[in-house]
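Report on one structure; see the data block that follows.
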Amino acid sequence: MLSAVMQATRPAHPPPTLSARDLEFSWPNGVTLWTRLSLDIPPGVSLIQGAEGSGKSSLLKLLAGDLSPRQGSLTIGDVSLVAQPQTYRQQVFRTDPRGAALDGFTPSTWFDAMSRRYPDFRLAALPDLVEGFSLNPHLHKSMYMLSTGSQRKVWLCAAFAACTAVTLLDEPFAALDMPSIRFLKQCLQDAAQHPTRAWVLADHEAPEGLAIACTIQV
């Protein structure tokens, strides 16, 4: 059984963007990841930190509503995953760079699909994001043709354009070139100042030079 040790520093205000209460989750084989897991994610940039295989990605999936807890509650503001699952999921964007679900898309067609899924998606923000991540030459290529780093850049462009209340980024710096790492840090530095939205990174260590509002050790 893996346990989650919560070590979070939370500001006195504003209120949390996402709250989890008494979550319990087990895999179908009976392996339990969490029991009575509670946490508050404040606005700004937070970090889920742990070694490989510690459950970081699984926790992101749980917070996104992509995995169903055995019991407990997840809320974003006054929106509950149990009571309003569609509305809740429209307020969360999660990157899944290891998946193959996008192989049939090009970046351009996937961005269009995301703009229909997320009510506040800003197509107008994409040109600057695409340029910042040097994706212009790849917009009309099938995703399976792109390198791992370029696929991650596509996910990141959509993540920042989605304008969701909660954005969950799984190892966002992995496989990126240095100019893209610098651009991502700039985007996250801006995100760290947002008064209501929360960005949650799952990674082995905190990015250098980035203000972290909350750290969750797993």
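Convention: chains lettered A, B, ... in structure tokens order; per-chain residue numbering from 1; ligands numbered from 1 as shown.
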Looking only at helix (DSSP H, G or I) from DSSP on the backbone, list the matching residues of region 43-74 of chain A as a PDB file with N, CA and C atoms, in the first residue's frame.
ATOM      1  N   LYS A  56       2.024   9.768  -8.559  1.00  0.00           N
ATOM      2  CA  LYS A  56       1.781  11.156  -8.971  1.00  0.00           C
ATOM      3  C   LYS A  56       0.749  11.239 -10.091  1.00  0.00           C
ATOM      4  N   SER A  57       0.955  10.454 -11.138  1.00  0.00           N
ATOM      5  CA  SER A  57       0.027  10.492 -12.283  1.00  0.00           C
ATOM      6  C   SER A  57      -1.360  10.015 -11.879  1.00  0.00           C
ATOM      7  N   SER A  58      -1.423   9.017 -11.029  1.00  0.00           N
ATOM      8  CA  SER A  58      -2.716   8.511 -10.577  1.00  0.00           C
ATOM      9  C   SER A  58      -3.468   9.576  -9.783  1.00  0.00           C
ATOM     10  N   LEU A  59      -2.746  10.350  -8.982  1.00  0.00           N
ATOM     11  CA  LEU A  59      -3.398  11.408  -8.221  1.00  0.00           C
ATOM     12  C   LEU A  59      -3.944  12.483  -9.157  1.00  0.00           C
ATOM     13  N   LEU A  60      -3.199  12.824 -10.215  1.00  0.00           N
ATOM     14  CA  LEU A  60      -3.714  13.778 -11.195  1.00  0.00           C
ATOM     15  C   LEU A  60      -5.004  13.262 -11.825  1.00  0.00           C
ATOM     16  N   LYS A  61      -5.010  11.979 -12.197  1.00  0.00           N
ATOM     17  CA  LYS A  61      -6.212  11.391 -12.805  1.00  0.00           C
ATOM     18  C   LYS A  61      -7.392  11.426 -11.831  1.00  0.00           C
ATOM     19  N   LEU A  62      -7.108  11.199 -10.565  1.00  0.00           N
ATOM     20  CA  LEU A  62      -8.158  11.228  -9.547  1.00  0.00           C
ATOM     21  C   LEU A  62      -8.724  12.638  -9.413  1.00  0.00           C
ATOM     22  N   LEU A  63      -7.839  13.648  -9.355  1.00  0.00           N
ATOM     23  CA  LEU A  63      -8.295  15.033  -9.226  1.00  0.00           C
ATOM     24  C   LEU A  63      -9.069  15.484 -10.462  1.00  0.00           C
ATOM     25  N   ALA A  64      -8.716  14.932 -11.618  1.00  0.00           N
ATOM     26  CA  ALA A  64      -9.399  15.298 -12.861  1.00  0.00           C
ATOM     27  C   ALA A  64     -10.759  14.638 -12.997  1.00  0.00           C
TER      28      ALA A  64
END
Quiz item: Between A:Asp203, A:Asp66, A:Asp103, A:Asp170, which is the closest to Leu146 (chain A) once you count only C-alpha atoms?
Solution: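 Using only C-alpha atoms, the shortest distance to Leu146 (chain A) belongs to A:Asp103.
Residues within 8 Å of region 171-177 of chain A, counting only C-alpha atoms and excluding same-chain residues fewer than 4 positions away, are Thr148, Gly149, Ser150, Arg152, Lys153, Leu156, Ile181, Leu184, Leu201, Ala202, Asp203 and His204 of chain A.
Excluding Ala51 (chain A) itself and any same-chain residue fewer than 2 positions from it, the protein and nucleic acid residues within 10 Å of it, counting only C-alpha atoms, are Gln49, Gly53, Ser54, Gly55, Lys56, Asp203, His204, Glu205, Gln217 and Val218 of chain A.
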Self-check item: Residue among A:Leu169, A:Leu129, A:Met114, A:Leu102 lying closest to Val200 (chain A), counting only C-alpha atoms
Solution: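 Of A:Leu169, A:Leu129, A:Met114, A:Leu102, the one nearest Val200 (chain A) is A:Leu169, counting only C-alpha atoms.
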Quiz item: Looking at only C-alpha atoms, which of A:Ile216, A:Ala206, A:Ala100, A:Leu67 is the one that sits closest to Lys185 (chain A)?
Solution: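 Of A:Ile216, A:Ala206, A:Ala100, A:Leu67, the one nearest Lys185 (chain A), counting only C-alpha atoms, is A:Ala206.
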Quiz item: Suppose you want the space between CA of Phe121 (chain A) and CA of Gln84 (chain A); what is it in Å?
Solution: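 Here the two named atoms are 19.9 Å from each other.
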Self-check item: All strand (DSSP E) residues (DSSP, backbone) inside region 90-204 of chain A, as a list in words
Solution: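 Going through region 90-204 of chain A, the strand (DSSP E) residues come out as Val92, Phe93, Arg94, Val166, Thr167, Leu168, Leu169, Asp170, Ala198, Trp199, Val200, Leu201, Ala202 and Asp203 of chain A.
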Quiz item: Can you list, as a PyMOL selection string, every protein, DNA or RNA residue that comes within 10 Å of Phe111 (chain A) when you count only C-alpha atoms, leaving out same-chain residues fewer than 5 positions away?
Solution: chain A and resi 105-106+116-117+121-123+126+139+154-155+157-158+161-162
